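Okay, run_12.txt now, which holds compact mmCIF, C-alpha atoms:
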# COMPACT_ATOMS: atom_id res chain seq x y z
CA MET L 377 90.71 152.24 99.88
CA GLN L 378 89.71 150.60 103.15
CA PRO L 379 91.98 151.01 106.20
CA ARG L 380 94.13 148.13 107.44
CA ILE L 381 93.26 146.09 110.50
CA PRO L 382 95.26 147.64 113.39
CA ALA L 383 98.17 145.73 114.96
CA THR L 384 96.41 145.66 118.34
CA ILE L 385 93.54 143.67 116.81
CA TRP L 386 96.04 141.11 115.54
CA ALA L 387 97.71 140.99 118.98
CA LEU L 388 94.37 140.48 120.72
CA GLY L 389 93.61 137.73 118.23
CA LEU L 390 96.87 135.94 119.04
CA VAL L 391 96.18 136.28 122.79
CA SER L 392 92.73 134.75 122.26
CA LEU L 393 94.25 132.00 120.12
CA CYS L 394 96.74 130.97 122.82
CA MET L 395 94.28 131.11 125.71
CA ASP L 396 91.64 129.21 123.77
CA MET L 397 94.21 126.58 122.82
CA SER L 398 94.88 126.10 126.53
CA SER L 399 91.21 126.14 127.54
CA GLU L 400 90.01 123.78 124.82
CA ILE L 401 92.57 121.09 125.66
CA ILE L 402 90.85 121.10 129.05
CA HIS L 403 87.26 121.51 127.84
CA ALA L 404 87.56 118.68 125.31
CA LEU L 405 88.39 116.18 128.09
CA LEU L 406 86.83 117.65 131.22
CA PRO L 407 83.21 116.44 130.68
CA VAL L 408 84.34 112.81 130.37
CA PHE L 409 86.79 113.22 133.26
CA LEU L 410 83.94 114.49 135.44
CA VAL L 411 81.33 111.92 134.38
CA SER L 412 83.49 108.81 133.85
CA THR L 413 86.33 109.33 136.34
CA LEU L 414 84.70 111.38 139.10
CA GLY L 415 81.21 109.90 138.60
CA VAL L 416 79.12 113.11 138.48
CA SER L 417 75.66 113.22 136.83
CA ALA L 418 74.73 115.17 133.70
CA LEU L 419 72.80 117.59 135.92
CA THR L 420 75.90 118.22 138.05
CA LEU L 421 77.95 118.68 134.88
CA GLY L 422 75.40 121.20 133.63
CA LEU L 423 75.48 123.02 136.96
CA ILE L 424 79.30 123.21 136.99
CA GLU L 425 79.43 124.42 133.39
CA GLY L 426 76.51 126.80 133.86
CA LEU L 427 77.96 128.36 137.02
CA ALA L 428 81.39 128.72 135.44
CA GLU L 429 80.28 130.20 132.12
CA SER L 430 77.59 132.44 133.61
CA THR L 431 80.11 133.78 136.15
CA ALA L 432 82.32 134.85 133.26
CA LEU L 433 79.47 136.60 131.49
CA ILE L 434 78.00 138.27 134.59
CA LEU L 435 81.35 139.70 135.70
CA ARG L 436 81.73 141.42 132.34
CA VAL L 437 79.11 144.00 133.34
CA PHE L 438 81.38 145.30 136.09
CA SER L 439 84.69 144.97 134.22
CA GLY L 440 83.17 146.85 131.29
CA ALA L 441 81.98 149.71 133.50
CA ILE L 442 85.37 149.88 135.27
CA SER L 443 87.22 150.00 131.95
CA ASP L 444 84.97 152.87 130.84
CA TYR L 445 85.75 154.65 134.12
CA TRP L 446 89.49 154.21 133.78
CA GLY L 447 89.45 154.93 130.07
CA ARG L 448 92.04 152.13 129.85
CA ARG L 449 91.54 148.45 129.05
CA LYS L 450 94.96 146.74 129.15
CA GLY L 451 95.28 146.41 132.93
CA LEU L 452 92.00 144.52 133.18
CA LEU L 453 93.02 142.32 130.25
CA LEU L 454 96.26 141.42 132.03
CA LEU L 455 94.43 140.66 135.29
CA GLY L 456 91.80 138.54 133.56
CA TYR L 457 94.16 136.49 131.42
CA GLY L 458 96.57 136.18 134.37
CA LEU L 459 93.88 134.62 136.60
CA ALA L 460 92.94 132.20 133.83
CA ALA L 461 96.58 131.17 133.44
CA LEU L 462 96.93 130.61 137.19
CA SER L 463 93.84 128.36 137.22
CA LYS L 464 95.18 125.88 134.67
CA PRO L 465 97.39 123.80 137.04
CA LEU L 466 94.37 123.17 139.30
CA PHE L 467 92.71 120.92 136.70
CA PRO L 468 95.39 118.17 136.59
CA LEU L 469 95.62 118.39 140.40
CA ALA L 470 91.85 117.90 140.89
CA HIS L 471 90.52 114.74 142.57
CA SER L 472 86.94 115.89 143.22
CA ALA L 473 84.13 117.74 141.48
CA GLU L 474 84.48 120.55 144.03
CA THR L 475 88.11 121.16 143.01
CA VAL L 476 87.12 121.18 139.34
CA LEU L 477 84.36 123.68 140.11
CA ALA L 478 86.83 125.91 141.96
CA ALA L 479 89.26 125.79 139.03
CA ARG L 480 86.49 126.46 136.51
CA LEU L 481 85.23 129.42 138.54
CA MET L 482 88.72 130.92 138.83
CA ASP L 483 89.26 130.47 135.10
CA ARG L 484 85.90 132.02 134.27
CA VAL L 485 86.37 134.90 136.73
CA GLY L 486 89.44 135.71 134.68
CA LYS L 487 87.41 135.51 131.50
CA GLY L 488 84.70 137.70 133.02
CA ILE L 489 87.23 140.37 133.95
CA ARG L 490 88.81 140.47 130.50
CA GLY L 491 85.82 139.92 128.19
CA ALA L 492 84.06 143.29 128.05
CA PRO L 493 87.28 145.39 128.13
CA ARG L 494 88.68 143.28 125.29
CA ASP L 495 85.56 143.75 123.14
CA ALA L 496 85.51 147.45 124.04
CA LEU L 497 89.19 147.77 123.07
CA VAL L 498 88.43 146.18 119.69
CA ALA L 499 85.63 148.73 119.26
CA ASP L 500 88.00 151.55 120.36
CA VAL L 501 90.72 150.82 117.81
CA ALA L 502 88.70 149.36 114.90
CA PRO L 503 88.04 151.80 112.02
CA PRO L 504 84.23 152.10 111.62
CA GLU L 505 84.38 150.99 107.96
CA ILE L 506 85.83 147.59 108.88
CA ARG L 507 84.48 147.08 112.40
CA GLY L 508 82.69 143.86 111.46
CA ALA L 509 85.89 142.52 109.90
CA CYS L 510 87.91 143.40 113.02
CA PHE L 511 85.47 141.59 115.32
CA GLY L 512 85.34 138.69 112.88
CA LEU L 513 89.15 138.44 112.71
CA ARG L 514 89.56 138.36 116.49
CA GLN L 515 86.78 135.77 116.71
CA SER L 516 88.37 133.65 113.97
CA MET L 517 91.78 133.65 115.67
CA ASP L 518 90.10 132.79 118.96
CA THR L 519 88.49 129.86 117.21
CA ILE L 520 91.74 128.75 115.52
CA GLY L 521 93.05 128.25 119.05
CA ALA L 522 89.85 126.45 119.91
CA PHE L 523 90.52 123.73 117.30
CA ALA L 524 94.33 123.72 117.57
CA GLY L 525 93.99 122.94 121.29
CA PRO L 526 91.89 119.78 120.84
CA LEU L 527 94.17 118.65 117.98
CA LEU L 528 97.09 118.91 120.37
CA GLY L 529 94.92 117.12 122.94
CA ILE L 530 94.41 114.17 120.56
CA ALA L 531 98.16 113.90 119.94
CA LEU L 532 98.90 114.11 123.66
CA MET L 533 96.28 111.47 124.50
CA PHE L 534 97.99 109.02 122.12
CA TRP L 535 101.47 109.98 123.34
CA LEU L 536 100.54 109.77 127.03
CA ALA L 537 98.40 106.60 126.74
CA ASN L 538 95.05 108.32 127.53
CA ASP L 539 96.34 109.77 130.82
CA ILE L 540 93.96 112.75 131.00
CA GLN L 541 95.64 114.38 134.00
CA GLN L 542 99.04 114.35 132.30
CA VAL L 543 97.50 115.90 129.19
CA LEU L 544 95.95 118.68 131.27
CA TRP L 545 99.40 119.79 132.48
CA TRP L 546 100.31 120.74 128.91
CA ALA L 547 97.44 123.25 128.84
CA CYS L 548 99.45 125.55 131.14
CA LEU L 549 102.02 126.49 128.47
CA PRO L 550 99.87 128.38 125.90
CA ALA L 551 98.08 130.16 128.77
CA LEU L 552 101.41 131.58 129.94
CA LEU L 553 102.23 132.66 126.37
CA ALA L 554 98.92 134.55 126.16
CA VAL L 555 99.87 136.66 129.21
CA LEU L 556 103.27 137.47 127.70
CA LEU L 557 101.63 138.56 124.42
CA ILE L 558 99.43 141.06 126.27
CA VAL L 559 102.47 142.64 127.90
CA ALA L 560 104.41 142.86 124.64
CA GLY L 561 101.83 143.37 121.90
CA VAL L 562 98.65 145.15 123.06
CA ARG L 563 98.53 148.94 122.72
CA GLU L 564 95.66 151.23 123.69
CA PRO L 565 94.60 154.26 121.63
CA THR L 566 96.22 157.52 122.69
CA GLY L 567 94.14 160.27 124.24
CA ALA L 568 91.81 158.00 126.24
CA GLU L 569 90.17 160.01 129.01
CA ARG L 570 89.25 158.94 132.52
CA LYS L 571 85.48 159.18 133.00
CA PRO L 572 83.32 159.41 136.15
CA PHE L 573 82.41 155.96 137.45
CA ARG L 574 78.82 155.03 136.76
CA SER L 575 77.26 151.89 138.14
CA PRO L 576 76.21 149.74 135.17
CA LEU L 577 72.96 148.85 136.95
CA ARG L 578 71.66 152.41 137.55
CA LEU L 579 68.21 152.97 136.04
CA ALA L 580 69.18 156.39 134.71
CA LEU L 581 72.14 154.84 132.88
CA LEU L 582 70.08 152.00 131.44
CA ARG L 583 67.69 154.54 129.92
CA GLN L 584 70.53 156.04 127.89
CA PHE L 585 70.70 152.97 125.70
CA SER L 586 68.52 152.89 122.61
CA LYS L 587 65.62 150.54 121.93
CA ARG L 588 67.72 148.97 119.19
CA TYR L 589 70.36 148.06 121.79
CA TRP L 590 67.77 146.41 124.04
CA TRP L 591 66.45 144.45 121.06
CA VAL L 592 69.98 143.08 120.58
CA VAL L 593 70.14 142.20 124.30
CA ALA L 594 66.78 140.41 124.17
CA ILE L 595 67.69 138.41 121.06
CA GLY L 596 71.08 137.56 122.58
CA ALA L 597 69.33 136.31 125.72
CA LEU L 598 67.00 134.03 123.75
CA PHE L 599 69.94 132.82 121.70
CA THR L 600 71.90 131.95 124.86
CA LEU L 601 68.96 129.99 126.27
CA ALA L 602 69.02 127.91 123.10
CA ARG L 603 72.79 127.30 123.17
CA PHE L 604 73.83 125.39 126.29
CA SER L 605 77.34 124.20 127.16
CA GLU L 606 79.32 122.32 124.48
CA ALA L 607 80.16 119.77 127.21
CA PHE L 608 76.98 117.96 126.17
CA LEU L 609 78.31 117.59 122.62
CA VAL L 610 81.33 115.72 124.04
CA LEU L 611 79.09 113.44 126.12
CA LEU L 612 76.88 112.71 123.12
CA ALA L 613 79.89 111.78 120.96
CA GLN L 614 81.15 109.43 123.68
CA ARG L 615 77.70 107.86 124.00
CA HIS L 616 77.65 107.17 120.26
CA GLY L 617 81.00 105.37 120.34
CA LEU L 618 83.78 107.93 119.80
CA PRO L 619 86.91 106.47 121.48
CA LEU L 620 88.43 108.32 124.45
CA SER L 621 91.60 109.32 122.58
CA TRP L 622 89.51 110.91 119.83
CA LEU L 623 87.04 112.84 122.01
CA PRO L 624 88.84 116.18 121.43
CA LEU L 625 87.78 115.73 117.78
CA VAL L 626 84.38 117.12 118.85
CA MET L 627 85.92 120.51 119.59
CA VAL L 628 88.17 120.30 116.51
CA VAL L 629 85.21 119.87 114.16
CA MET L 630 83.11 122.55 115.84
CA SER L 631 85.92 125.07 116.11
CA LEU L 632 87.30 124.50 112.61
CA VAL L 633 83.93 125.27 111.02
CA TYR L 634 83.53 128.23 113.39
CA ALA L 635 86.98 129.63 112.49
CA LEU L 636 86.42 129.26 108.75
CA THR L 637 83.13 131.18 108.83
CA ALA L 638 83.52 133.89 111.52
CA TYR L 639 85.74 136.27 109.54
CA PRO L 640 83.91 135.96 106.16
CA VAL L 641 80.59 136.52 107.94
CA GLY L 642 82.09 139.57 109.67
CA VAL L 643 83.15 140.99 106.32
CA LEU L 644 79.73 140.18 104.87
CA ALA L 645 78.04 141.92 107.81
CA ASP L 646 79.74 145.19 106.79
CA ARG L 647 77.95 144.97 103.42
CA CYS L 648 74.48 143.52 104.05
CA SER L 649 71.71 143.11 106.63
CA LYS L 650 73.00 141.94 110.00
CA SER L 651 69.55 140.82 111.14
CA ALA L 652 69.24 138.60 108.06
CA LEU L 653 72.60 136.96 108.80
CA LEU L 654 71.60 136.47 112.45
CA ALA L 655 68.33 134.83 111.38
CA LEU L 656 70.28 132.50 109.06
CA GLY L 657 72.58 131.57 111.96
CA LEU L 658 69.59 130.65 114.12
CA MET L 659 68.14 128.50 111.32
CA ILE L 660 71.46 126.63 111.25
CA LEU L 661 71.27 126.13 115.04
CA ILE L 662 67.78 124.62 114.70
CA LEU L 663 69.11 122.25 112.03
CA ALA L 664 72.07 121.36 114.27
CA ASP L 665 69.77 120.53 117.20
CA ALA L 666 67.54 118.40 114.99
CA THR L 667 70.54 116.49 113.63
CA LEU L 668 71.95 115.87 117.10
CA ALA L 669 68.59 114.83 118.54
CA LEU L 670 68.10 112.25 115.77
CA SER L 671 71.71 111.05 115.55
CA SER L 672 72.64 107.50 116.50
CA SER L 673 76.12 107.20 114.96
CA ILE L 674 79.46 108.98 115.19
CA ALA L 675 79.14 110.34 111.64
CA ALA L 676 75.71 111.87 112.26
CA THR L 677 76.86 113.31 115.58
CA LEU L 678 79.89 114.94 113.97
CA ALA L 679 77.66 116.37 111.25
CA GLY L 680 75.47 117.98 113.91
CA ILE L 681 78.56 119.30 115.69
CA ALA L 682 79.80 120.83 112.42
CA LEU L 683 76.44 122.62 112.02
CA TRP L 684 76.76 123.82 115.62
CA GLY L 685 80.13 125.38 114.73
CA LEU L 686 78.64 126.94 111.60
CA HIS L 687 75.92 128.70 113.58
CA LEU L 688 78.58 130.05 115.98
CA GLY L 689 80.46 131.51 113.04
CA PHE L 690 77.31 133.26 111.85
CA THR L 691 76.26 134.69 115.19
CA GLN L 692 79.01 135.32 117.79
CA GLY L 693 81.01 138.07 116.09
CA LEU L 694 77.79 139.47 114.63
CA LEU L 695 76.17 139.95 118.04
CA ALA L 696 79.30 141.76 119.27
CA THR L 697 79.23 144.01 116.20
CA LEU L 698 75.57 144.89 116.82
CA VAL L 699 76.29 145.80 120.45
CA ALA L 700 79.20 148.02 119.32
CA GLU L 701 77.06 149.78 116.71
CA GLU L 702 74.11 150.51 118.97
CA THR L 703 76.00 152.21 121.85
CA PRO L 704 77.81 155.54 122.41
CA ALA L 705 81.60 155.52 122.17
CA ASP L 706 82.11 156.27 125.89
CA MET L 707 79.76 153.48 127.08
CA LYS L 708 80.84 150.48 125.03
CA GLY L 709 82.43 148.65 127.96
CA THR L 710 79.23 149.05 129.98
CA ALA L 711 77.11 148.03 127.00
CA PHE L 712 79.07 144.81 126.46
CA GLY L 713 78.92 144.15 130.19
CA LEU L 714 75.13 144.51 130.36
CA PHE L 715 74.72 142.31 127.31
CA ASN L 716 76.83 139.61 128.94
CA LEU L 717 75.08 139.96 132.31
CA VAL L 718 71.78 139.00 130.72
CA SER L 719 73.43 136.28 128.63
CA GLY L 720 75.18 134.85 131.71
CA LEU L 721 71.96 134.43 133.65
CA CYS L 722 70.38 132.74 130.63
CA LEU L 723 73.38 130.43 130.14
CA LEU L 724 73.20 129.20 133.74
CA LEU L 725 69.51 128.39 133.28
CA ALA L 726 70.15 126.75 129.89
CA SER L 727 72.97 124.47 131.11
CA VAL L 728 71.08 123.33 134.22
CA LEU L 729 67.99 122.66 132.10
CA ALA L 730 70.09 120.71 129.58
CA GLY L 731 71.56 118.53 132.33
CA TRP L 732 68.16 117.91 133.91
CA MET L 733 66.62 116.98 130.54
CA TRP L 734 69.53 114.64 129.82
CA ASP L 735 69.18 112.80 133.16
CA ARG L 736 65.39 112.64 133.19
CA HIS L 737 64.40 112.24 129.53
CA GLY L 738 67.54 111.25 127.60
CA SER L 739 70.08 113.05 125.45
CA ALA L 740 67.71 113.64 122.51
CA SER L 741 65.36 115.71 124.67
CA THR L 742 68.18 118.13 125.50
CA PHE L 743 68.63 119.02 121.83
CA VAL L 744 64.88 119.10 121.10
CA ALA L 745 64.48 121.70 123.85
CA GLY L 746 67.42 123.68 122.46
CA GLY L 747 65.86 123.67 118.99
CA ALA L 748 62.54 124.92 120.35
CA LEU L 749 64.26 127.83 122.11
CA ALA L 750 66.25 128.61 118.97
CA LEU L 751 62.97 128.78 117.06
CA LEU L 752 61.71 131.34 119.58
CA ALA L 753 64.91 133.39 119.13
CA LEU L 754 64.43 133.21 115.35
CA ALA L 755 60.88 134.56 115.66
CA ALA L 756 62.17 137.49 117.75
CA THR L 757 64.91 138.19 115.19
CA LEU L 758 62.46 138.19 112.28
CA LEU L 759 60.14 140.53 114.23
CA TRP L 760 63.06 142.89 114.87
CA ARG L 761 64.01 142.77 111.18
CA GLN L 762 60.42 143.59 110.21
CA ARG L 763 60.39 146.58 112.58
CA GLU L 764 63.69 147.82 111.18
CA ARG L 765 62.45 147.62 107.62
CA ALA L 766 59.22 149.39 108.55
CA ALA L 767 61.19 152.17 110.23
CA LEU L 768 63.38 152.61 107.15
CA ALA L 769 60.32 152.70 104.92
CA GLY L 770 58.88 155.47 107.11
CA LEU L 771 62.05 157.51 106.76
CA ASN L 772 62.15 157.01 102.98
CA PRO L 773 58.53 157.27 101.77
Using structure tokens, write down the structure from this file.
Amino acid sequence: MQPRIPATIWALGLVSLCMDMSSEIIHALLPVFLVSTLGVSALTLGLIEGLAESTALILRVFSGAISDYWGRRKGLLLLGYGLAALSKPLFPLAHSAETVLAARLMDRVGKGIRGAPRDALVADVAPPEIRGACFGLRQSMDTIGAFAGPLLGIALMFWLANDIQQVLWWACLPALLAVLLIVAGVREPTGAERKPFRSPLRLALLRQFSKRYWWVVAIGALFTLARFSEAFLVLLAQRHGLPLSWLPLVMVVMSLVYALTAYPVGVLADRCSKSALLALGLMILILADATLALSSSIAATLAGIALWGLHLGFTQGLLATLVAEETPADMKGTAFGLFNLVSGLCLLLASVLAGWMWDRHGSASTFVAGGALALLALAATLLWRQRERAALAGLNP
């Protein structure tokens, strides 16, 4: 009989659900607010999104190492989610791109502080037999918030007569609830030991990770280059005629498909080849990019967005599971941090490139470039899978 999913995993899932509900109300409307109301270019949008999201990922390398040093994760979770909650009122108060950037950076600093300790805490408390399911469950609940938020955003846009700034004020409430849930519901495993602090960027430390871990990092980097900010999905839907009140539907469609697939894929990953599932996810991303590049209607755009969500469900929890499996128990925070450091640098490059392509060569070129990079990531994944199978064949002649 398999063990049950621990209560702390459920609590972390609810925290993610509430914070993502808050964030996605904002993210579903912010691209149009920046471009249409504040008059920024697609390149500037890509730079703002790239700086914000890469900041979150890069900071995880240090928060992960600190959580390994302390042997405790909850304090960093509270600090990270608290900063994100404090940033939310800045969005409805913003009257310039600089203020939006400041709010986005504060929000993402909070995410960067909490991300690696949260993933490491999931790895700490998850029974090994159901680790994929535990990561998949937390990811699914995160994504439930990610589509519940835009649904609430649609209702609020109708209720408040498309007043985006008034809608953004409502995003503060679920963020506050997320902080309260951490205080009341998250428990760390007993017996955690304080460990000597080790810089996550020391060469001697980096050598302790296996080649399999660095393969996961390399594939994750290529994957991140192929998957730029979802802000461009919102802009594409608006360009193809989706009314302002319905723009949060972009995030609803993407997140609903994501939520419905993340947990089943996590369960499946505990029973079959993870590299094969990752390759399938990348094939779906290539199909999504092709659909979006060729789309000229709302229906075709939403179909491409649904495929985008499907590839997220196949890959996000799976990459986290692979990182957890390929690292020692006392270095998981550092391992997640390093993985996200590399991904953060790639995401900044990807979002700036996407914005530049959009401004210079049109929206279709952005998705063509993304598909080409996804194809490169797929080739790397298939090569890794071939090496793994060859190694297994050598062990079992």
Which residues of stretch 702-739 of chain L come within 12 Å of stretch 607-618 of chain L, and for each one, what is the closest pair of atoms and their distance in Å to one decimal, counting only C-alpha atoms, sorted by chain and residue number, as CSV?
residue,atom,partner,partner_atom,distance
L:Ala726,CA,L:Phe608,CA,11.7
L:Ser727,CA,L:Phe608,CA,9.1
L:Val728,CA,L:Phe608,CA,11.3
L:Leu729,CA,L:Phe608,CA,11.8
L:Ala730,CA,L:Phe608,CA,8.2
L:Gly731,CA,L:Phe608,CA,8.2
L:Trp732,CA,L:Phe608,CA,11.7
L:Met733,CA,L:Phe608,CA,11.3
L:Trp734,CA,L:Phe608,CA,8.9
L:Asp735,CA,L:Phe608,CA,11.7
L:Gly738,CA,L:Leu612,CA,10.5
L:Ser739,CA,L:Leu612,CA,7.2
Looking at L:Gly596, L:Pro624, L:Gly680, L:Pro468, which one is nearest to L:Phe715, with distances taken over all atoms listed in the file?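 With all atoms listed in the file as the atom set, the closest residue is L:Gly596.
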With all atoms listed in the file as the counted atoms, please give the residues lying no more than 9 Å from L:Leu454, apart from itself and same-chain residues fewer than 5 positions off, as an MDAnalysis selection string. chainID L and resid 449 459 490 555 558:559
In Å, with one decimal, what is the gap from atom CA of L:Ile681 to atom CA of L:Ser398?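 Pair atom CA of L:Ile681 / atom CA of L:Ser398 returns 20.7 Å.
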Would you kindly identify which residues have an atom no farther than 10 Å from (69.7, 131.6, 112.8), using all atoms listed in the file and the file's own coordinates, and write them out as a list in words?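 Those residues, ordered by chain and then number, are Phe599, Ser651, Ala652, Leu653, Leu654, Ala655, Leu656, Gly657, Leu658, Met659, Ile660, Leu661, Ile662, Leu663, His687, Leu688, Phe690, Thr691, Ala750, Leu751, Ala753, Leu754, Ala755, Thr757 and Leu758 of chain L.
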Separation of atom CA of L:Leu455 and atom CA of L:Leu477, in Å?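 Interatomic distance, atom CA of L:Leu455 to atom CA of L:Leu477: 20.3 Å.
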Just give me the gap between atom CA of L:Ala635 and atom CA of L:Leu724 in Å, one decimal is fine.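 Atom CA of L:Leu724 lies at a distance of 25.3 Å from atom CA of L:Ala635.
Nearest to L:Lys708 of all the residues L:Leu466, L:Ile434, L:Ala597, L:Val498 is L:Val498, based on all atoms listed in the file.
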L:Lys464, L:His403, L:Arg583, L:Lys650: which is nearest L:Glu429, counting all atoms listed in the file?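 Nearest to L:Glu429: L:His403.
Nearest to L:Thr667 of all the residues L:Trp622, L:Trp546, L:Phe743, L:Tyr634 is L:Phe743, counting only C-alpha atoms.
Using only C-alpha atoms, the shortest contact distance between L:Leu714 and any of L:Leu544, L:Leu423, L:Ala492, L:Met482 is found at L:Ala492.
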